[in-house]
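What follows is a set of notes on a single structure, which appears directly below.
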Amino acid sequence: MGLGNQTNALEFILLGFFQDSEHQLMLFGLFLSMFIVTFLGNLFIIIAIVSDSHLHTPMYFFLFNLSFADIGFISTTVPKMLVNIQTQSRSITYAGCITQMYFFMVFGGMDTFLLTVMAYDRFVAICHPLHYPVIMNSHLCGLRVLTSWLISLSYSLIQSLLMLRLSFCTNWEIRHFYCELAQALMLACSDTLINHIILYMVTGLLGFVPFSGILFSYTRIVFSILRIPSTYGKYKAFSTCGSHLSVVSLFYVTGLGVYLSSEASSSSWKGIMASMMYTVVTPMLNPFIYSLRNTDIKRALKKLLGRTFYVQ
């Protein structure tokens, strides 16, 4: 059989948590619970923002998109894993693997860009409050989000198309619970130089530039807050960006954990656990962070839930 035909008929084997066959039922219940909590939590945030006119501001417009991206992020990987656990199957088709990679990169990239734009929003609100209505008007906010989507979609499409040119010969086992790009590239028996160049170059840019923007924004925010004379004023200013800072810290700490575990350890299990924190736990915790630390979201959620129970 030729390489092209072999690739078309290919099914990858996702080892992932299947290496621990004794706890499949527990893993199914755990990941199903986390998926439901994540989906409903982010969905409630979206509905609360849409239904409450007080939340129709730039910060909550970005949070709306972040919650949508988090739903997409976890929906890309967990449902397929749940199906595989339930059916005792480890396989994913070639087309399914490429599709999963594509949407994983899209929503992962969107998380990065949206966190950066949200940091800039807090920077303008605290450091340049008089210019906030002009800099963060609805047209420019929509343009920033649209640009983020276009960059994420374009990069993901390029990587997916580059994957289509590769041939896979004998080893089809991916030591992960989803089709991770770097793991899949290791299985190719054709030249992957271009793929790796694009991967490291774009990942570096998409990682360094947004992180630098967030670091710059919060450095300026901290200096501005320290210049506020009253303790109450400092607390009030910090409380406006506390939720976002918590989400940023969680996102980048878990992301760094994924990178360090893959670089410094030969244990696939450690890499899988680090990736689970990044791809599953982080989107699940984001709604809790915003609902617990943000009074506007808490008020909107109480109003939403109260109206729901009243109707029933």
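Within each chain, counting starts at residue 1; across the structure tokens, chains are named A, B, ... in the order shown, with ligands numbered 1 upward in that order.
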
Per DSSP on the backbone, what are the alpha helix (DSSP H) residues of stretch 39-282 of chain A, as a PyMOL selection string?
-> chain A and resi 39-51+58-87+94-127+132-135+138-164+181-187+193-226+231-264+268-276+282

Non-local contacts of A:Ser33 (12 Å; only C-alpha atoms; under 3 positions in same chain excluded) as a ChimeraX atom specification = /A:26-30,36-41,78-79,82,280-281,284

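Nearest-residue note for A:Met163: choosing from A:Arg122, A:Lys234, A:His196, A:Arg220, the minimum distance belongs to A:His196, counting only C-alpha atoms.
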
Using backbone DSSP assignments, extract all strand (DSSP E) residues from stretch 9-159 of chain A; output them as a ChimeraX atom specification.
-> /A:11-14,91-93

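Interatomic distance, atom CA of A:Arg175 to atom CA of A:Val253: 22.5 Å.
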
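Of the residues listed (A:Tyr218, A:Phe73, A:Phe288, A:Phe177), A:Phe177 shows the shortest atom-to-atom separation from A:Leu14; distances use only C-alpha atoms.
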
Could you tell me how far atom CA of A:Ile13 lies from atom CA of A:Glu173, in Å and to one decimal?
-> 4.6 Å

Rows by chain and residue number, stretch 43-73 of chain A within 9 Å of stretch 298-301 of chain A, shortest pair, only C-alpha atoms, as a tab-separated table:
residue	atom	partner	partner_atom	distance
A:Phe44	CA	A:Leu301	CA	7.3
A:Ile45	CA	A:Leu301	CA	7.5
A:Ile47	CA	A:Leu301	CA	8.7
A:Ala48	CA	A:Ala300	CA	5.6
A:Ile49	CA	A:Ala300	CA	7.5
A:Ser51	CA	A:Ala300	CA	8.2
A:Asp52	CA	A:Ala300	CA	6.4
A:His54	CA	A:Ala300	CA	8.7
A:Leu55	CA	A:Ala300	CA	8.3

Resulting file, chosen residues, C-alpha atoms, as an mmCIF file, in the first residue's frame:
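The resulting result_27.cif:
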data_model
loop_
_atom_site.group_PDB
_atom_site.id
_atom_site.type_symbol
_atom_site.label_atom_id
_atom_site.label_comp_id
_atom_site.auth_asym_id
_atom_site.auth_seq_id
_atom_site.Cartn_x
_atom_site.Cartn_y
_atom_site.Cartn_z
ATOM 1 C CA PHE A 44 -24.085 30.986 32.808
ATOM 2 C CA ILE A 45 -21.416 33.688 32.473
ATOM 3 C CA ILE A 47 -26.131 34.354 29.566
ATOM 4 C CA ALA A 48 -25.573 36.695 32.525
ATOM 5 C CA ILE A 49 -23.559 39.114 30.375
ATOM 6 C CA SER A 51 -29.139 39.467 29.849
ATOM 7 C CA ASP A 52 -27.781 42.239 32.111
ATOM 8 C CA HIS A 54 -25.049 46.797 33.155
ATOM 9 C CA LEU A 55 -22.525 44.264 31.844
#

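The list of residues with at least one atom within 9 Å of A:Ser67, based on only C-alpha atoms and without residues fewer than 3 positions apart in the same chain, reads Gly41, Asn42, Leu43, Ile45, Ile46, Phe62, Leu63, Phe64, Asp70, Ile71, Gly72, Pro283, Asn286 and Pro287 of chain A.
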
Dump of N, CA, C and O atoms for the selected residues, as a PDB file, in the first residue's frame:
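Listed below is the output, again-v7.pdb:
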ATOM      1  N   GLY A  41     -20.903  26.406  33.727  1.00  0.00           N
ATOM      2  CA  GLY A  41     -20.329  27.599  34.354  1.00  0.00           C
ATOM      3  C   GLY A  41     -20.083  28.711  33.356  1.00  0.00           C
ATOM      4  O   GLY A  41     -20.476  29.866  33.570  1.00  0.00           O
ATOM      5  N   ASN A  42     -19.440  28.370  32.244  1.00  0.00           N
ATOM      6  CA  ASN A  42     -19.161  29.381  31.221  1.00  0.00           C
ATOM      7  C   ASN A  42     -20.440  29.817  30.505  1.00  0.00           C
ATOM      8  O   ASN A  42     -20.564  30.977  30.105  1.00  0.00           O
ATOM      9  N   LEU A  43     -21.386  28.882  30.350  1.00  0.00           N
ATOM     10  CA  LEU A  43     -22.661  29.238  29.721  1.00  0.00           C
ATOM     11  C   LEU A  43     -23.432  30.235  30.587  1.00  0.00           C
ATOM     12  O   LEU A  43     -24.026  31.194  30.064  1.00  0.00           O
ATOM     13  N   ILE A  45     -22.108  32.400  32.622  1.00  0.00           N
ATOM     14  CA  ILE A  45     -21.416  33.688  32.473  1.00  0.00           C
ATOM     15  C   ILE A  45     -21.882  34.384  31.198  1.00  0.00           C
ATOM     16  O   ILE A  45     -22.179  35.591  31.192  1.00  0.00           O
ATOM     17  N   ILE A  46     -21.965  33.642  30.102  1.00  0.00           N
ATOM     18  CA  ILE A  46     -22.390  34.204  28.813  1.00  0.00           C
ATOM     19  C   ILE A  46     -23.819  34.736  28.903  1.00  0.00           C
ATOM     20  O   ILE A  46     -24.105  35.874  28.489  1.00  0.00           O
ATOM     21  N   PHE A  62     -15.243  41.153  26.410  1.00  0.00           N
ATOM     22  CA  PHE A  62     -14.090  40.249  26.284  1.00  0.00           C
ATOM     23  C   PHE A  62     -14.307  38.982  27.112  1.00  0.00           C
ATOM     24  O   PHE A  62     -13.934  37.887  26.679  1.00  0.00           O
ATOM     25  N   LEU A  63     -14.903  39.121  28.298  1.00  0.00           N
ATOM     26  CA  LEU A  63     -15.173  37.951  29.130  1.00  0.00           C
ATOM     27  C   LEU A  63     -16.178  37.025  28.446  1.00  0.00           C
ATOM     28  O   LEU A  63     -16.055  35.796  28.534  1.00  0.00           O
ATOM     29  N   PHE A  64     -17.161  37.599  27.761  1.00  0.00           N
ATOM     30  CA  PHE A  64     -18.124  36.816  26.985  1.00  0.00           C
ATOM     31  C   PHE A  64     -17.393  35.937  25.968  1.00  0.00           C
ATOM     32  O   PHE A  64     -17.656  34.738  25.848  1.00  0.00           O
ATOM     33  N   ASP A  70     -13.496  29.121  26.067  1.00  0.00           N
ATOM     34  CA  ASP A  70     -13.262  28.050  27.037  1.00  0.00           C
ATOM     35  C   ASP A  70     -14.203  26.869  26.803  1.00  0.00           C
ATOM     36  O   ASP A  70     -13.811  25.708  26.964  1.00  0.00           O
ATOM     37  N   ILE A  71     -15.462  27.165  26.442  1.00  0.00           N
ATOM     38  CA  ILE A  71     -16.391  26.081  26.108  1.00  0.00           C
ATOM     39  C   ILE A  71     -15.879  25.311  24.893  1.00  0.00           C
ATOM     40  O   ILE A  71     -15.882  24.071  24.868  1.00  0.00           O
ATOM     41  N   GLY A  72     -15.420  26.039  23.879  1.00  0.00           N
ATOM     42  CA  GLY A  72     -14.864  25.390  22.693  1.00  0.00           C
ATOM     43  C   GLY A  72     -13.603  24.613  23.005  1.00  0.00           C
ATOM     44  O   GLY A  72     -13.387  23.506  22.477  1.00  0.00           O
ATOM     45  N   PRO A 283     -10.157  25.984  32.203  1.00  0.00           N
ATOM     46  CA  PRO A 283     -11.476  26.466  31.760  1.00  0.00           C
ATOM     47  C   PRO A 283     -12.579  26.227  32.782  1.00  0.00           C
ATOM     48  O   PRO A 283     -13.554  26.975  32.820  1.00  0.00           O
ATOM     49  N   ASN A 286     -12.211  29.087  35.639  1.00  0.00           N
ATOM     50  CA  ASN A 286     -12.416  30.492  35.250  1.00  0.00           C
ATOM     51  C   ASN A 286     -13.775  31.056  35.676  1.00  0.00           C
ATOM     52  O   ASN A 286     -13.841  32.156  36.234  1.00  0.00           O
ATOM     53  N   PRO A 287     -14.900  30.341  35.435  1.00  0.00           N
ATOM     54  CA  PRO A 287     -16.196  30.892  35.874  1.00  0.00           C
ATOM     55  C   PRO A 287     -16.278  31.085  37.388  1.00  0.00           C
ATOM     56  O   PRO A 287     -16.877  32.052  37.856  1.00  0.00           O
TER      57      PRO A 287
END

May I ask which of the residues A:Gln183, A:Thr203, A:Thr170, A:Ser154 is the closest one to A:Ile272, counting only C-alpha atoms?
-> A:Gln183

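Closest approach to A:Val202 from the set A:Ala95, A:Leu304, A:Met81, A:Ile158 is made by A:Ile158, with distances taken over only C-alpha atoms.
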
Using only C-alpha atoms, find each residue of stretch 149-238 of chain A with at least one atom at most 12 Å away from an atom of stretch 123-139 of chain A; report its shortest atom-to-atom pair and that distance in Å (one decimal), sort the rows by chain and rising residue number, and return the result as a tab-separated table.
residue	atom	partner	partner_atom	distance
A:Gly213	CA	A:Phe123	CA	10.3
A:Ile214	CA	A:Phe123	CA	9.3
A:Leu215	CA	A:Phe123	CA	10.6
A:Phe216	CA	A:Phe123	CA	9.0
A:Ser217	CA	A:Phe123	CA	5.3
A:Tyr218	CA	A:Phe123	CA	6.9
A:Thr219	CA	A:Phe123	CA	9.2
A:Arg220	CA	A:Phe123	CA	7.1
A:Ile221	CA	A:Phe123	CA	5.8
A:Val222	CA	A:Phe123	CA	9.6
A:Phe223	CA	A:Cys127	CA	9.2
A:Ser224	CA	A:Cys127	CA	6.2
A:Ile225	CA	A:Ile126	CA	8.0
A:Leu226	CA	A:Cys127	CA	11.5
A:Arg227	CA	A:Cys127	CA	10.7
A:Ile228	CA	A:Ile126	CA	10.8
A:Gly233	CA	A:Ile126	CA	11.3
A:Lys234	CA	A:Ile126	CA	10.7
A:Lys236	CA	A:Ile126	CA	10.5
A:Ala237	CA	A:Ile126	CA	6.9
A:Phe238	CA	A:Ile126	CA	9.0

Excluding same-chain residues fewer than 6 positions from A:Trp149, what lies within 9 Å of it counting only C-alpha atoms, as a tab-separated table (two decimals) with N, CA, C and O atoms, in the first residue's frame?
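Written out: result.tsv:
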chain	number	residue	atom	x	y	z
A	106	VAL	N	-7.19	26.81	17.64
A	106	VAL	CA	-8.04	28.00	17.50
A	106	VAL	C	-8.43	28.53	18.88
A	106	VAL	O	-8.21	29.70	19.20
A	107	PHE	N	-9.02	27.67	19.70
A	107	PHE	CA	-9.54	28.12	20.99
A	107	PHE	C	-8.41	28.39	21.98
A	107	PHE	O	-8.53	29.29	22.82
A	109	GLY	N	-5.44	29.57	21.12
A	109	GLY	CA	-4.93	30.87	20.69
A	109	GLY	C	-5.85	32.00	21.12
A	109	GLY	O	-5.40	33.07	21.55
A	110	MET	N	-7.17	31.78	21.02
A	110	MET	CA	-8.13	32.80	21.43
A	110	MET	C	-8.01	33.11	22.92
A	110	MET	O	-8.12	34.27	23.33
A	113	PHE	N	-4.99	35.47	23.31
A	113	PHE	CA	-5.24	36.82	22.82
A	113	PHE	C	-6.24	37.57	23.69
A	113	PHE	O	-6.08	38.76	23.97
